[in-house]
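What follows is one structure encoded as structure tokens, with my remarks underneath.
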Amino acid sequence: MQNRLAARRHRHLTAAVAVALAAACAGTLTTGVALATTGTTTAVSSGAAQESVAALLPGSSVIGNGPTGFLSVRWAAPSGGQSEYRWTRYKDGVTTLLPAGTYEGSAGSDVIVKKVDGTTHHLYDMATGAAPVVIDTTSVGATARLVRADGSTLVMEVPRAGGGSDVHLVGKAADGTLLNRKVSGVPATTSVRNYHPVAPGELIIRYWDATQSVLRALLVDVATATVTENRVLTDSIASPDVTASATHVVWGEYASDTTTALWLAKRGQEGATRVPVGSHATLALGVLGDDWVAYGDPRGFATARPNPLHALTVRSLTDGRTVKLLDLVHRVVPTGDGTLLVQGSTLAQGEGLYRLTVGADGEPAATLVASTGRPLVYTVTGVTIPATVDFSLAKNGVPLKVQGSGSSIGEVTLELTHTATGARATLGANTQGAVSLNWGGTFDDGTAVHNGDYTWRLTTVPHNGIGEKAELTGSFKVIGRPADHDFSNSTSPDLLFRSGGRLSVFDARQLLDNNMTDPLSEVVVGSGWDTYDRIVTPGNLGGTVHADLLGRDRDGVLWSYTGTGNPSVPFKTRTRVGGGWGIYNHLTAGLDVSGDGRRDLLAADKAGVLWLYKGTGSPTSPFRPRMKVGGGWGIYNKLTATGNVGGGPAGDLIARDKYGVDWLYLGKGDGTFAARTRISSNWGYYTDLIAVGDADRDGRSDLVVRHVTGGDTGSLLFYPGSGDWRNPFPKEERIDASRRFVRDGTLLF
């Protein structure tokens with residue numbers, strides 16, 4: 001039997017798909033005329049034989065079948081739309097898209113039923129294409145509802161006035177008169193039912209017996225409209241399947257101790273045999289021939305727990321021998337002719353509809369009769385990752401797309417690794433098809449990604465454990481203009497913090513993300529920085545595209561540290577700018593006051609005169625001789641160059657007076673400022689005001705402020721910029737208390 005299955009794995013699968021428009025609902029459904037036909041061939045092994053199989057749309061369910069074909073439905077999405085019903089012929093694979101509506105199929109019959117309205121039903125014989133038989137069930141009762149079809153017979157449930165329901169079998173006699181037969185033997189209180197087709201002319205009704213608190217099964221003979229057997233489904237629950245053959249009744253058990261078992265009972269005899277088959281599974285069931293029962297857990301397509309019961313297994317009713325026929329099962333459909341139709345998948349032939357048969361030698365086998373074209377294991381067919389990614393432009397992230405398909409879910413993981421540092425961003429999803437993984441521009445620890453070379457590795461792992469892991473790799477580059485306050489080459493701002501003599505860099509995106517729980521990522525620049533009594537961050541002074549650093553030592557000498565773009569070593573060795581800078585009480589930089597595109601520095605001396613040092617663009621001699629801006633600046637105890645926060649033509653300045661009132665000076669672009677505007681009166685207790693740049697990626701400059709009351713107490717606040725000079729920082733956002741950055745030390749602007 002295994003050799004026979006192996007041989008079938010080397011056949012070509014030719015899926016001929018024909019979609020035909022049927023006539024109007026009251027007319028003939030024609031399956032012989034197709035408007036469009038397409039053919040696809042999947043090469044499995046060169047030189048192999050070929051086998052023609054029909055097409056089955058992915059996501060469809062087979063809900064009926066007959067000698068010539070089968071009925072399938074692709075259910076409408078919960079968000080709306082219509083379900084699509086199709087009839088597919090076995091002999092040539094021609095598929096008819098049925099007119100809009102709701103249809104019922106049955107086991108072993110080519111007749112399908114369309115529900116036209118509450119009382120009118122059209123029966124179509126898909127084998128002959130004859131005009132429909134119209135059945136009006138008005139006389140059965142206004143509350144009657146169609147619950148199942150058995151060939152040309154409608155199975156209808158009719159509620160009783162005193163509770164419970166009757167079951168009626170409705171059809172048409174040869175002379176066209178209505179046949180309405182009530183099934184005898186249905187208990188009076190039966191109200192909760194599930195209807196299971198078994199074979200043409202036989203039906204199982206499963207119901208809850210409230211008097212004994214057990215599930216029971218009624219076996220109904222359609223020809224005589226009588227219950228032939230009423231059996232307790234021992235240890236069953238509400239969801240397991242139940243089926244029957246000419247000799248046996250079979251149902252499943254999912255016990256409270258997680259044991260899964262089959263129950264096998266002979267028709268017309270008391271008692272049943274319990275056969276444990278595994279655990280943690282509910283079972284779809286069918287009887288194959290006279291001597292085999294087929295079973296498997298239909299949840300294996302989506303579950304994350306591997307289980308042998310996700311396969312379709314047949315068990316001999318004579319000697320207990322088992323044979324696995326499919327690697328994954330989704331739905332078992334009875335046919336009534338001794339065979340079974342099973343929706344499922346094999347690793348060799350993929351997802352589709354398989355027919356289970358018993359050969360002349362008594363051995364079971366599975367043959368693919370319709371294919372969805374999807375492999376069992378999720379398989380990647382393409383990866384779309386840009387050759388370059390610029391997060392200074394992609395404010396909302398970059399979609400990285402994976403194309404693929406599989407009949408079961410694949411765990412897709414995309415690892416993006418910065419070559420220079422090994423920092424990693426991990427994206428992932430569970431999918432059966434295409435998926436877009438949006439990369440927001442951060443690493444796994446929440447820090448902004450660095451510019452530079454990256455490698456990517458895409459791995460797919462079967463969610464249910466069936467099949468092998470797969471891997472693809474590649475490379476790309478992250479580029480972008482470094483931010484004004486960026487010391488890690490990330491196009492996103494950083495914060496500098498000095499505690500004692502140690503200078504550290506902290507990523508602003510991680511710091512400001514209140515959803516992050518990881519420890520703050522700290523890059524230690526080095527020690528000995530307490531030699532400086534002033535440290536300012538002017539942005540890019542020249543020489544590179546990266547942000548630089550200025551430090552004034554206690555002898556009044558100003559030093560320049562050129563940015564490297566290396567996140568681990570952000571600055572080069574210092575360069576002397578010059579002496580005589582000890583005359584200033586305030587130094588601030590990071591703005592273009594003169595409007596020439598270069599970074600300038602502002603200094604206020606002890607007499608209250610504000611001086612402008614225009615940038616030169618030279619890293620060794622970064623400033624021109626000073627220019628007097630004006631006097632009267634001695635009233636301020638804090639000056640912070642903010643960049644352009646007011647929407648004007650140049651960089652702006654915030655000044656705080658001794659009363660705690662903050663004033664905005666709009667740069668005019670000629671080295672001077674407009675008259676001051678009052679922006680706040682309650683910032684007097686803030687220890688630090690940091691012009692961090694655009695931290696929230698909205699295109700406007702922001703502010704970070706810190707209040708230290710001593711030790712590890714205090715607060716850190718974020719003020720997003722509005723771009724409006726009249727109210728540049730209208731609201732505050734408190735950074736999560738568990739992540740407060742309030743240690744003794746200084747945040748450096």
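Identifiers for the structure tokens are assigned positionally: chains receive A, B, ... in sequence, residues are indexed from 1 per chain, and ligands are indexed from 1 in the order shown.
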
Selection: 8 Å around A:Thr313, only C-alpha atoms, excl. self and same-chain fewer than 6 positions, as a VMD selection string: chain A and resid 294 to 296 322 to 326

Non-local contacts of A:Glu157 (9 Å; only C-alpha atoms; under 5 positions in same chain excluded) as number ranges by chain: A: 143-147, 165-169

Residues within 10 Å of A:Ala655, only C-alpha atoms, excluding chain neighbours under 6 positions, as an MDAnalysis selection string: chainID A and resid 633 635:641 661:665 676 678

Selected residues written out with N, CA and C atoms, as a short mmCIF file (atom, residue, chain, number, x, y, z; two decimals), in the first residue's frame:
```cif
data_model
loop_
_atom_site.label_atom_id
_atom_site.label_comp_id
_atom_site.auth_asym_id
_atom_site.auth_seq_id
_atom_site.Cartn_x
_atom_site.Cartn_y
_atom_site.Cartn_z
N TRP A 633 20.17 89.84 28.63
CA TRP A 633 19.89 88.40 28.75
C TRP A 633 20.27 87.85 30.13
N ILE A 635 18.73 88.22 32.77
CA ILE A 635 17.54 87.89 33.55
C ILE A 635 17.17 86.41 33.44
N TYR A 636 17.87 85.71 32.57
CA TYR A 636 17.50 84.32 32.33
C TYR A 636 18.50 83.36 32.99
N ASN A 637 17.96 82.30 33.58
CA ASN A 637 18.83 81.28 34.18
C ASN A 637 18.93 80.01 33.33
N LYS A 638 18.23 79.99 32.20
CA LYS A 638 18.30 78.82 31.32
C LYS A 638 18.07 79.29 29.89
N LEU A 639 18.97 78.92 28.99
CA LEU A 639 18.82 79.16 27.55
C LEU A 639 18.93 77.82 26.83
N THR A 640 17.95 77.55 25.98
CA THR A 640 17.94 76.29 25.23
C THR A 640 17.66 76.56 23.77
N ALA A 641 18.62 76.22 22.92
CA ALA A 641 18.41 76.31 21.47
C ALA A 641 17.57 75.12 21.04
N VAL A 661 9.21 81.63 34.32
CA VAL A 661 8.47 81.89 33.10
C VAL A 661 9.36 81.59 31.90
N ASP A 662 8.81 80.87 30.93
CA ASP A 662 9.57 80.52 29.73
C ASP A 662 9.09 81.36 28.56
N TRP A 663 10.08 81.81 27.81
CA TRP A 663 9.84 82.71 26.68
C TRP A 663 10.43 82.09 25.42
N LEU A 664 9.70 82.28 24.33
CA LEU A 664 10.16 81.80 23.03
C LEU A 664 10.64 82.98 22.20
N TYR A 665 11.87 82.84 21.68
CA TYR A 665 12.42 83.82 20.75
C TYR A 665 12.51 83.17 19.37
N ARG A 676 10.07 88.46 22.14
CA ARG A 676 9.77 87.23 22.85
C ARG A 676 8.27 87.01 23.01
N ARG A 678 5.59 84.70 25.49
CA ARG A 678 5.48 83.87 26.70
C ARG A 678 4.81 82.54 26.35
#
```

Residue nearest A:Gln510 - candidates A:Leu328, A:Val250, A:Leu549, A:Val449, atoms counted: only C-alpha atoms: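 Smallest distance to A:Gln510 is found for A:Val449.
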
Long-range neighbours of A:Thr120 as a list of chain:residue names, 7 Å cut-off, only C-alpha atoms, 6 positions minimum in chain: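 Returned residues: A:Ile135, A:Asp136, A:Thr137.
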